[in-house]
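Have a look at the structure below before the remarks.
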Protein chains: 2
Amino acid sequence: MEAFGIKSEKKLRQQRLAKLLEDNPMATDQELASLLGVSVSTMRLDRALMGVPELRERVKRMAQEAGSKLRSLSQSEIVGDLLELEPNRWALSVLRTTREMAFRTTDILWDHYIYAQASSIAVAVIEAAAVIVDSMRGEYKGHAHVGDVLIARAKVGVSKDNRYIVSVRTRVGEKEIFVARFITEILSVETP
Amino acid sequence: MEAFGIKSEKKLRQQRLAKLLEDNPMATDQELASLLGVSVSTMRLDRALMGVPELRERVKRMAQEAGSKLRSLSQSEIVGDLLELEPNRWALSVLRTTREMAFRTTDILWDHYIYAQASSIAVAVIEAAAVIVDSMRGEYKGHAHVGDVLIARAKVGVSKDNRYIVSVRTRVGEKEIFVARFITEILSVETP
DNA sequence: ACAGATACTAGTACCAGGTCATAATTTTTT
DNA sequence: AAAAAATTATGACCTGGTACTAGTATCTGT
């Protein structure tokens, strides 16, 4: 061992490796090894010790994750997870926030994520095949930050014909951050 | 050739192949071949003729696309493309809609995409490092459908201290589908 | 100064999931 | 029956690895 810190030299390399992989997860062991100035074997050893899977596995995971992320973010019926649901009465949904949802370099969440969760739950709480939002009004009471768990609770209010008023309150812990009222409408037939 | 439609038998198989790949792009040639009831060679031939790359290439592309989609869908500053901008006056943004933005099996767009575009432009039109939405009110005037091009126009109204009123009108062609009014707020310092 | 630990390098055999090219076989058409 | 089209088989090769073995520095405590 080096007089002082060869152990850390290895650790350091592994940290560099982690960073490299974060920047460019599509790098082969070859490339990584030459970037780190060590042999491919050493690289592989490090990678094994760090529990980092091989390139193909990494790529595969990215692709899958991407699919699920797209599903949970854009394709899903609900933004957030629907935890409890009493149709036409009330519902509860939870959204775990991530860095991607943040506004520029801040930790503050984009409002449209908060909105999307609220609107999704307002639609989900009504029991019908096709429900759309007709109008809404909302107020942000405070900022939500990356890492916060958003809890949205929808309550169905008065209804008239095919329209329901749904109030949604979103909070982080005890703090209320968004209050909205949606008027949702059941579509009887697919209107062209 | 079969008396009638062997040409289509091959074409048909290729169509089935395309569909299989769409459902499950992570399938190996082996799996695909057995699903289609032909040999691996034939499968590969079809795949080659159709210009479909091998599994690893497909997965790789998915992963990359995912990255860019995530950037454009969740990480970007703006939902939609900012076409014109006169800071603190007005702005214009365009959003091309896709199948993923649709509500369940219908062609109707989820309202939160419309909202996200509107809110993004309302924030973008104000010239400051950090702007957030304080409150809003909005009304959907009609449905937008998959394939529609949403045009959102933001106008900055009166301001007071650090708050601006921004009106956003979204239309598809000549038809107005969403009208909203946002109160945006400039954050002077990163509030913790 | 020297054994032993720690770190690194090198090399081999093997695998999945292919590519590419060529040949053989089957099916269909004329 | 002969020609043409479609399908299947075969073998050599590639990438980016895994798993394992063996050898070589380099440092360290004693």
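Residues in the structure tokens are named by chain (A, B, ... in the order shown) and by number from 1 within that chain; ligands are numbered from 1 in the order shown.
Non-sequential neighbours of DA23 in chain C (distance at most 12 Å, separation of 5 or more positions within a chain, only C-alpha atoms (C1' of nucleotides)) are DT8, DA9, DT10 and DG11 of chain D.
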For this session: Can you pull out every residue within 9 Å of Ser39 in chain B, counting only C-alpha atoms (C1' of nucleotides), but drop anything in the same chain fewer than 4 positions away, and send it as number ranges by chain?
Result: B: 30, 33-34, 43-44; D: 7-8
Using N, CA and C atoms (P, O5', C5', C4', C3', O3' and C1' of nucleotides), can you export the residues from the last selection as a PDB file, in the first residue's frame?
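Done, and the output landed in out06.pdb:
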```
ATOM      1  N   GLN B  30     -35.218 -15.677 -31.533  1.00  0.00           N
ATOM      2  CA  GLN B  30     -35.721 -16.996 -31.126  1.00  0.00           C
ATOM      3  C   GLN B  30     -37.197 -16.921 -30.767  1.00  0.00           C
ATOM      4  N   ALA B  33     -39.450 -15.905 -33.604  1.00  0.00           N
ATOM      5  CA  ALA B  33     -39.599 -16.977 -34.586  1.00  0.00           C
ATOM      6  C   ALA B  33     -40.630 -17.986 -34.097  1.00  0.00           C
ATOM      7  N   SER B  34     -40.532 -18.384 -32.848  1.00  0.00           N
ATOM      8  CA  SER B  34     -41.452 -19.410 -32.371  1.00  0.00           C
ATOM      9  C   SER B  34     -42.870 -18.841 -32.264  1.00  0.00           C
ATOM     10  N   MET B  43     -37.244 -15.492 -39.815  1.00  0.00           N
ATOM     11  CA  MET B  43     -37.481 -14.333 -38.974  1.00  0.00           C
ATOM     12  C   MET B  43     -36.448 -13.257 -39.239  1.00  0.00           C
ATOM     13  N   ARG B  44     -35.204 -13.683 -39.217  1.00  0.00           N
ATOM     14  CA  ARG B  44     -34.118 -12.723 -39.428  1.00  0.00           C
ATOM     15  C   ARG B  44     -34.233 -12.104 -40.820  1.00  0.00           C
TER      16      ARG B  44
ATOM     17  P    DT D   7     -41.717 -17.416 -46.672  1.00  0.00           P
ATOM     18  O5'  DT D   7     -40.745 -18.593 -46.208  1.00  0.00           O
ATOM     19  C5'  DT D   7     -41.232 -19.924 -46.258  1.00  0.00           C
ATOM     20  C4'  DT D   7     -40.113 -20.878 -45.947  1.00  0.00           C
ATOM     21  C3'  DT D   7     -39.467 -20.692 -44.561  1.00  0.00           C
ATOM     22  O3'  DT D   7     -39.854 -21.804 -43.780  1.00  0.00           O
ATOM     23  C1'  DT D   7     -37.873 -21.164 -46.273  1.00  0.00           C
ATOM     24  P    DT D   8     -39.439 -21.865 -42.220  1.00  0.00           P
ATOM     25  O5'  DT D   8     -38.026 -22.595 -42.346  1.00  0.00           O
ATOM     26  C5'  DT D   8     -37.976 -23.933 -42.837  1.00  0.00           C
ATOM     27  C4'  DT D   8     -36.539 -24.386 -42.938  1.00  0.00           C
ATOM     28  C3'  DT D   8     -35.742 -24.279 -41.623  1.00  0.00           C
ATOM     29  O3'  DT D   8     -35.363 -25.580 -41.239  1.00  0.00           O
ATOM     30  C1'  DT D   8     -34.492 -23.494 -43.495  1.00  0.00           C
TER      31       DT D   8
END
```
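Any residue of chain B with an atom no more than 9 Å from chain D counts as a contact; using only C-alpha atoms (C1' of nucleotides), that gives Met1, Val38, Ser39, Val40, Ser41 and Thr42 of chain B.
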Go ahead and save the residues from that selection, with N, CA and C atoms, as a PDB file, in the first residue's frame.
```pdb
ATOM      1  N   MET B   1     -45.971 -20.344 -55.272  1.00  0.00           N
ATOM      2  CA  MET B   1     -46.916 -19.444 -54.559  1.00  0.00           C
ATOM      3  C   MET B   1     -48.287 -20.085 -54.427  1.00  0.00           C
ATOM      4  N   VAL B  38     -42.201 -19.840 -37.483  1.00  0.00           N
ATOM      5  CA  VAL B  38     -41.239 -20.037 -38.571  1.00  0.00           C
ATOM      6  C   VAL B  38     -39.852 -20.218 -37.966  1.00  0.00           C
ATOM      7  N   SER B  39     -38.912 -20.493 -38.836  1.00  0.00           N
ATOM      8  CA  SER B  39     -37.554 -20.683 -38.334  1.00  0.00           C
ATOM      9  C   SER B  39     -36.912 -19.338 -38.015  1.00  0.00           C
ATOM     10  N   VAL B  40     -35.863 -19.427 -37.252  1.00  0.00           N
ATOM     11  CA  VAL B  40     -35.147 -18.204 -36.884  1.00  0.00           C
ATOM     12  C   VAL B  40     -34.615 -17.512 -38.135  1.00  0.00           C
ATOM     13  N   SER B  41     -34.133 -18.291 -39.072  1.00  0.00           N
ATOM     14  CA  SER B  41     -33.591 -17.706 -40.304  1.00  0.00           C
ATOM     15  C   SER B  41     -34.620 -16.828 -40.996  1.00  0.00           C
ATOM     16  N   THR B  42     -35.802 -17.398 -41.156  1.00  0.00           N
ATOM     17  CA  THR B  42     -36.871 -16.669 -41.832  1.00  0.00           C
ATOM     18  C   THR B  42     -37.176 -15.362 -41.109  1.00  0.00           C
TER      19      THR B  42
END
```
After a least-squares superposition on chain B using every in-order C-alpha pair, I'd like chain A written out as a PDB file with C-alpha atoms, in the first residue's frame.
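Once written, result-v5.pdb looks like this:
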```pdb
ATOM      1  CA  MET A   1     -46.013 -19.435 -55.306  1.00  0.00           C
ATOM      2  CA  GLU A   2     -49.162 -20.697 -53.774  1.00  0.00           C
ATOM      3  CA  ALA A   3     -52.194 -20.564 -56.005  1.00  0.00           C
ATOM      4  CA  PHE A   4     -53.585 -17.669 -54.150  1.00  0.00           C
ATOM      5  CA  GLY A   5     -51.736 -15.347 -51.925  1.00  0.00           C
ATOM      6  CA  ILE A   6     -48.348 -16.578 -50.935  1.00  0.00           C
ATOM      7  CA  LYS A   7     -47.225 -13.070 -51.427  1.00  0.00           C
ATOM      8  CA  SER A   8     -49.749 -12.126 -48.807  1.00  0.00           C
ATOM      9  CA  GLU A   9     -48.617 -14.973 -46.610  1.00  0.00           C
ATOM     10  CA  LYS A  10     -45.285 -13.260 -46.328  1.00  0.00           C
ATOM     11  CA  LYS A  11     -46.873  -9.877 -45.907  1.00  0.00           C
ATOM     12  CA  LEU A  12     -49.099 -11.300 -43.272  1.00  0.00           C
ATOM     13  CA  ARG A  13     -46.180 -12.731 -41.399  1.00  0.00           C
ATOM     14  CA  GLN A  14     -44.479  -9.395 -41.533  1.00  0.00           C
ATOM     15  CA  GLN A  15     -47.550  -7.751 -40.134  1.00  0.00           C
ATOM     16  CA  ARG A  16     -47.623 -10.305 -37.367  1.00  0.00           C
ATOM     17  CA  LEU A  17     -43.976  -9.583 -36.772  1.00  0.00           C
ATOM     18  CA  ALA A  18     -44.647  -5.883 -36.528  1.00  0.00           C
ATOM     19  CA  LYS A  19     -47.368  -6.552 -34.000  1.00  0.00           C
ATOM     20  CA  LEU A  20     -45.182  -8.865 -31.978  1.00  0.00           C
ATOM     21  CA  LEU A  21     -42.489  -6.249 -31.863  1.00  0.00           C
ATOM     22  CA  GLU A  22     -44.935  -3.630 -30.788  1.00  0.00           C
ATOM     23  CA  ASP A  23     -46.099  -5.779 -27.902  1.00  0.00           C
ATOM     24  CA  ASN A  24     -42.657  -6.837 -26.930  1.00  0.00           C
ATOM     25  CA  PRO A  25     -39.796  -4.909 -28.472  1.00  0.00           C
ATOM     26  CA  MET A  26     -37.324  -6.824 -26.313  1.00  0.00           C
ATOM     27  CA  ALA A  27     -37.729 -10.118 -28.153  1.00  0.00           C
ATOM     28  CA  THR A  28     -34.705 -11.776 -29.745  1.00  0.00           C
ATOM     29  CA  ASP A  29     -34.773 -13.024 -33.312  1.00  0.00           C
ATOM     30  CA  GLN A  30     -34.834 -16.543 -31.894  1.00  0.00           C
ATOM     31  CA  GLU A  31     -38.002 -15.925 -29.968  1.00  0.00           C
ATOM     32  CA  LEU A  32     -39.650 -14.076 -32.791  1.00  0.00           C
ATOM     33  CA  ALA A  33     -38.771 -16.810 -35.249  1.00  0.00           C
ATOM     34  CA  SER A  34     -40.265 -19.517 -33.088  1.00  0.00           C
ATOM     35  CA  LEU A  35     -43.356 -17.424 -32.438  1.00  0.00           C
ATOM     36  CA  LEU A  36     -43.835 -17.020 -36.160  1.00  0.00           C
ATOM     37  CA  GLY A  37     -42.972 -20.610 -36.903  1.00  0.00           C
ATOM     38  CA  VAL A  38     -40.190 -19.876 -39.337  1.00  0.00           C
ATOM     39  CA  SER A  39     -36.448 -20.131 -39.233  1.00  0.00           C
ATOM     40  CA  VAL A  40     -34.317 -17.461 -37.690  1.00  0.00           C
ATOM     41  CA  SER A  41     -32.909 -16.652 -41.115  1.00  0.00           C
ATOM     42  CA  THR A  42     -36.316 -15.938 -42.516  1.00  0.00           C
ATOM     43  CA  MET A  43     -37.114 -13.800 -39.545  1.00  0.00           C
ATOM     44  CA  ARG A  44     -33.966 -11.816 -40.009  1.00  0.00           C
ATOM     45  CA  LEU A  45     -34.729 -11.433 -43.670  1.00  0.00           C
ATOM     46  CA  ASP A  46     -38.171 -10.121 -42.897  1.00  0.00           C
ATOM     47  CA  ARG A  47     -36.798  -7.813 -40.277  1.00  0.00           C
ATOM     48  CA  ALA A  48     -34.200  -6.512 -42.728  1.00  0.00           C
ATOM     49  CA  LEU A  49     -36.830  -5.950 -45.396  1.00  0.00           C
ATOM     50  CA  MET A  50     -38.978  -4.106 -42.915  1.00  0.00           C
ATOM     51  CA  GLY A  51     -36.087  -1.986 -41.841  1.00  0.00           C
ATOM     52  CA  VAL A  52     -36.413  -3.062 -38.229  1.00  0.00           C
ATOM     53  CA  PRO A  53     -33.114  -2.785 -36.379  1.00  0.00           C
ATOM     54  CA  GLU A  54     -31.665  -5.510 -34.212  1.00  0.00           C
ATOM     55  CA  LEU A  55     -32.675  -6.037 -30.608  1.00  0.00           C
ATOM     56  CA  ARG A  56     -29.850  -4.079 -29.067  1.00  0.00           C
ATOM     57  CA  GLU A  57     -30.445  -1.158 -31.340  1.00  0.00           C
ATOM     58  CA  ARG A  58     -34.145  -1.240 -30.551  1.00  0.00           C
ATOM     59  CA  VAL A  59     -33.525  -1.308 -26.835  1.00  0.00           C
ATOM     60  CA  LYS A  60     -31.020   1.484 -27.132  1.00  0.00           C
ATOM     61  CA  ARG A  61     -33.478   3.612 -29.023  1.00  0.00           C
ATOM     62  CA  MET A  62     -36.173   2.942 -26.477  1.00  0.00           C
ATOM     63  CA  ALA A  63     -33.849   4.036 -23.725  1.00  0.00           C
ATOM     64  CA  GLN A  64     -32.906   7.201 -25.545  1.00  0.00           C
ATOM     65  CA  GLU A  65     -36.418   8.028 -26.555  1.00  0.00           C
ATOM     66  CA  ALA A  66     -37.460   7.434 -23.000  1.00  0.00           C
ATOM     67  CA  GLY A  67     -34.887   9.887 -21.839  1.00  0.00           C
ATOM     68  CA  SER A  68     -36.003  12.528 -24.260  1.00  0.00           C
ATOM     69  CA  LYS A  69     -39.631  11.873 -23.578  1.00  0.00           C
ATOM     70  CA  LEU A  70     -39.059  12.249 -19.906  1.00  0.00           C
ATOM     71  CA  ARG A  71     -37.179  15.389 -20.595  1.00  0.00           C
ATOM     72  CA  SER A  72     -39.863  16.844 -22.796  1.00  0.00           C
ATOM     73  CA  LEU A  73     -42.637  15.732 -20.582  1.00  0.00           C
ATOM     74  CA  SER A  74     -41.366  16.161 -17.119  1.00  0.00           C
ATOM     75  CA  GLN A  75     -37.900  17.487 -16.943  1.00  0.00           C
ATOM     76  CA  SER A  76     -37.999  20.208 -19.499  1.00  0.00           C
ATOM     77  CA  GLU A  77     -38.491  23.795 -18.666  1.00  0.00           C
ATOM     78  CA  ILE A  78     -41.375  23.916 -21.046  1.00  0.00           C
ATOM     79  CA  VAL A  79     -44.063  21.482 -21.910  1.00  0.00           C
ATOM     80  CA  GLY A  80     -44.385  22.067 -25.611  1.00  0.00           C
ATOM     81  CA  ASP A  81     -41.916  23.882 -27.820  1.00  0.00           C
ATOM     82  CA  LEU A  82     -41.380  27.549 -27.318  1.00  0.00           C
ATOM     83  CA  LEU A  83     -41.592  29.019 -30.777  1.00  0.00           C
ATOM     84  CA  GLU A  84     -41.538  32.737 -30.217  1.00  0.00           C
ATOM     85  CA  LEU A  85     -40.764  34.788 -27.200  1.00  0.00           C
ATOM     86  CA  GLU A  86     -40.790  38.480 -26.488  1.00  0.00           C
ATOM     87  CA  PRO A  87     -39.801  38.565 -22.821  1.00  0.00           C
ATOM     88  CA  ASN A  88     -42.327  40.141 -20.524  1.00  0.00           C
ATOM     89  CA  ARG A  89     -44.614  40.707 -23.485  1.00  0.00           C
ATOM     90  CA  TRP A  90     -45.803  37.540 -25.134  1.00  0.00           C
ATOM     91  CA  ALA A  91     -44.842  34.048 -26.190  1.00  0.00           C
ATOM     92  CA  LEU A  92     -46.025  31.221 -28.376  1.00  0.00           C
ATOM     93  CA  SER A  93     -45.667  27.518 -27.766  1.00  0.00           C
ATOM     94  CA  VAL A  94     -46.695  24.429 -29.668  1.00  0.00           C
ATOM     95  CA  LEU A  95     -47.476  21.007 -28.251  1.00  0.00           C
ATOM     96  CA  ARG A  96     -47.887  17.970 -30.460  1.00  0.00           C
ATOM     97  CA  THR A  97     -50.166  15.555 -28.738  1.00  0.00           C
ATOM     98  CA  THR A  98     -49.759  11.817 -28.603  1.00  0.00           C
ATOM     99  CA  ARG A  99     -51.729   8.782 -27.580  1.00  0.00           C
ATOM    100  CA  GLU A 100     -50.117   8.723 -24.149  1.00  0.00           C
ATOM    101  CA  MET A 101     -51.747  12.006 -23.321  1.00  0.00           C
ATOM    102  CA  ALA A 102     -55.222  10.693 -23.871  1.00  0.00           C
ATOM    103  CA  PHE A 103     -57.839   9.989 -21.280  1.00  0.00           C
ATOM    104  CA  ARG A 104     -58.411   6.262 -20.886  1.00  0.00           C
ATOM    105  CA  THR A 105     -59.529   4.692 -24.123  1.00  0.00           C
ATOM    106  CA  THR A 106     -60.828   7.890 -25.626  1.00  0.00           C
ATOM    107  CA  ASP A 107     -59.067  10.280 -27.934  1.00  0.00           C
ATOM    108  CA  ILE A 108     -59.682  13.139 -25.569  1.00  0.00           C
ATOM    109  CA  LEU A 109     -56.659  14.731 -24.007  1.00  0.00           C
ATOM    110  CA  TRP A 110     -56.110  14.878 -20.289  1.00  0.00           C
ATOM    111  CA  ASP A 111     -56.633  18.421 -19.162  1.00  0.00           C
ATOM    112  CA  HIS A 112     -53.375  18.506 -17.277  1.00  0.00           C
ATOM    113  CA  TYR A 113     -51.382  18.430 -20.474  1.00  0.00           C
ATOM    114  CA  ILE A 114     -53.217  21.474 -21.673  1.00  0.00           C
ATOM    115  CA  TYR A 115     -52.667  23.049 -18.304  1.00  0.00           C
ATOM    116  CA  ALA A 116     -48.994  22.156 -18.209  1.00  0.00           C
ATOM    117  CA  GLN A 117     -48.363  23.767 -21.550  1.00  0.00           C
ATOM    118  CA  ALA A 118     -50.239  26.873 -20.531  1.00  0.00           C
ATOM    119  CA  SER A 119     -48.561  27.144 -17.177  1.00  0.00           C
ATOM    120  CA  SER A 120     -45.137  26.525 -18.649  1.00  0.00           C
ATOM    121  CA  ILE A 121     -45.475  29.260 -21.176  1.00  0.00           C
ATOM    122  CA  ALA A 122     -46.875  31.619 -18.571  1.00  0.00           C
ATOM    123  CA  VAL A 123     -43.750  31.063 -16.534  1.00  0.00           C
ATOM    124  CA  ALA A 124     -41.409  31.184 -19.507  1.00  0.00           C
ATOM    125  CA  VAL A 125     -42.671  34.487 -20.770  1.00  0.00           C
ATOM    126  CA  ILE A 126     -41.535  36.269 -17.654  1.00  0.00           C
ATOM    127  CA  GLU A 127     -37.860  37.078 -17.778  1.00  0.00           C
ATOM    128  CA  ALA A 128     -36.395  36.097 -14.439  1.00  0.00           C
ATOM    129  CA  ALA A 129     -34.379  33.308 -12.934  1.00  0.00           C
ATOM    130  CA  ALA A 130     -37.147  31.919 -10.825  1.00  0.00           C
ATOM    131  CA  VAL A 131     -40.797  32.410 -11.539  1.00  0.00           C
ATOM    132  CA  ILE A 132     -43.651  30.513 -10.007  1.00  0.00           C
ATOM    133  CA  VAL A 133     -47.367  30.421 -10.433  1.00  0.00           C
ATOM    134  CA  ASP A 134     -49.245  31.984  -7.589  1.00  0.00           C
ATOM    135  CA  SER A 135     -52.767  31.405  -8.701  1.00  0.00           C
ATOM    136  CA  MET A 136     -54.789  30.807 -11.787  1.00  0.00           C
ATOM    137  CA  ARG A 137     -58.178  30.482 -13.227  1.00  0.00           C
ATOM    138  CA  GLY A 138     -59.025  28.614 -16.358  1.00  0.00           C
ATOM    139  CA  GLU A 139     -61.775  27.320 -18.506  1.00  0.00           C
ATOM    140  CA  TYR A 140     -61.800  24.529 -21.021  1.00  0.00           C
ATOM    141  CA  LYS A 141     -63.833  25.523 -24.025  1.00  0.00           C
ATOM    142  CA  GLY A 142     -63.730  22.246 -25.843  1.00  0.00           C
ATOM    143  CA  HIS A 143     -61.883  18.973 -26.008  1.00  0.00           C
ATOM    144  CA  ALA A 144     -58.550  18.483 -27.602  1.00  0.00           C
ATOM    145  CA  HIS A 145     -57.873  15.157 -29.257  1.00  0.00           C
ATOM    146  CA  VAL A 146     -54.913  12.947 -29.867  1.00  0.00           C
ATOM    147  CA  GLY A 147     -52.986  14.231 -32.838  1.00  0.00           C
ATOM    148  CA  ASP A 148     -54.102  17.809 -32.352  1.00  0.00           C
ATOM    149  CA  VAL A 149     -51.439  20.450 -32.301  1.00  0.00           C
ATOM    150  CA  LEU A 150     -52.002  22.744 -29.360  1.00  0.00           C
ATOM    151  CA  ILE A 151     -50.971  26.317 -29.853  1.00  0.00           C
ATOM    152  CA  ALA A 152     -50.715  28.358 -26.698  1.00  0.00           C
ATOM    153  CA  ARG A 153     -50.220  32.078 -26.748  1.00  0.00           C
ATOM    154  CA  ALA A 154     -49.317  33.960 -23.606  1.00  0.00           C
ATOM    155  CA  LYS A 155     -49.790  37.666 -23.124  1.00  0.00           C
ATOM    156  CA  VAL A 156     -48.370  39.525 -20.204  1.00  0.00           C
ATOM    157  CA  GLY A 157     -50.809  41.941 -18.662  1.00  0.00           C
ATOM    158  CA  VAL A 158     -50.449  44.333 -15.781  1.00  0.00           C
ATOM    159  CA  SER A 159     -47.702  43.868 -13.261  1.00  0.00           C
ATOM    160  CA  LYS A 160     -47.328  45.020  -9.723  1.00  0.00           C
ATOM    161  CA  ASP A 161     -44.244  44.516  -7.608  1.00  0.00           C
ATOM    162  CA  ASN A 162     -43.092  41.034  -8.402  1.00  0.00           C
ATOM    163  CA  ARG A 163     -46.347  39.778  -9.784  1.00  0.00           C
ATOM    164  CA  TYR A 164     -47.493  39.577 -13.348  1.00  0.00           C
ATOM    165  CA  ILE A 165     -50.810  38.661 -14.772  1.00  0.00           C
ATOM    166  CA  VAL A 166     -50.387  36.416 -17.757  1.00  0.00           C
ATOM    167  CA  SER A 167     -53.258  35.347 -19.968  1.00  0.00           C
ATOM    168  CA  VAL A 168     -52.906  32.208 -21.965  1.00  0.00           C
ATOM    169  CA  ARG A 169     -55.134  31.108 -24.768  1.00  0.00           C
ATOM    170  CA  THR A 170     -54.769  27.655 -26.214  1.00  0.00           C
ATOM    171  CA  ARG A 171     -56.230  26.679 -29.518  1.00  0.00           C
ATOM    172  CA  VAL A 172     -56.320  23.820 -31.986  1.00  0.00           C
ATOM    173  CA  GLY A 173     -56.451  25.284 -35.440  1.00  0.00           C
ATOM    174  CA  GLU A 174     -58.931  28.103 -35.146  1.00  0.00           C
ATOM    175  CA  LYS A 175     -60.814  26.573 -32.263  1.00  0.00           C
ATOM    176  CA  GLU A 176     -60.106  27.899 -28.826  1.00  0.00           C
ATOM    177  CA  ILE A 177     -60.032  25.131 -26.267  1.00  0.00           C
ATOM    178  CA  PHE A 178     -58.609  26.685 -23.149  1.00  0.00           C
ATOM    179  CA  VAL A 179     -58.402  30.148 -21.694  1.00  0.00           C
ATOM    180  CA  ALA A 180     -56.580  30.866 -18.492  1.00  0.00           C
ATOM    181  CA  ARG A 181     -55.196  33.663 -16.447  1.00  0.00           C
ATOM    182  CA  PHE A 182     -52.187  33.107 -14.289  1.00  0.00           C
ATOM    183  CA  ILE A 183     -50.724  35.261 -11.614  1.00  0.00           C
ATOM    184  CA  THR A 184     -47.024  34.597 -11.641  1.00  0.00           C
ATOM    185  CA  GLU A 185     -44.511  35.723  -9.137  1.00  0.00           C
ATOM    186  CA  ILE A 186     -40.795  36.365  -9.400  1.00  0.00           C
ATOM    187  CA  LEU A 187     -38.846  34.848  -6.596  1.00  0.00           C
ATOM    188  CA  SER A 188     -36.090  37.202  -5.570  1.00  0.00           C
ATOM    189  CA  VAL A 189     -34.328  34.803  -3.271  1.00  0.00           C
ATOM    190  CA  GLU A 190     -34.783  31.101  -2.914  1.00  0.00           C
ATOM    191  CA  THR A 191     -37.392  31.023  -0.190  1.00  0.00           C
ATOM    192  CA  PRO A 192     -36.737  28.089   2.107  1.00  0.00           C
TER     193      PRO A 192
END
```
For this session: Using only C-alpha atoms (C1' of nucleotides), select each residue of chain C with any atom at most 12 Å away from an atom of chain B, and give the selection as a ChimeraX atom specification.
Result: /C:16-20,26-30
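Within range 9-127 of chain B, residues classed as strand (DSSP E or B) by DSSP on backbone coordinates are Asp81, Leu82, Leu83, Glu84, Leu85, Glu86, Trp90, Ala91, Leu92, Ser93, Val94, Leu95, Arg96, Ala102, Ile108 and Leu109 of chain B.
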Exercise. Which of chain A counts as alpha helix (DSSP H) under DSSP, as a PyMOL selection string please?
Worked result: chain A and resi 6-23+29-36+40-50+55-70+111-124
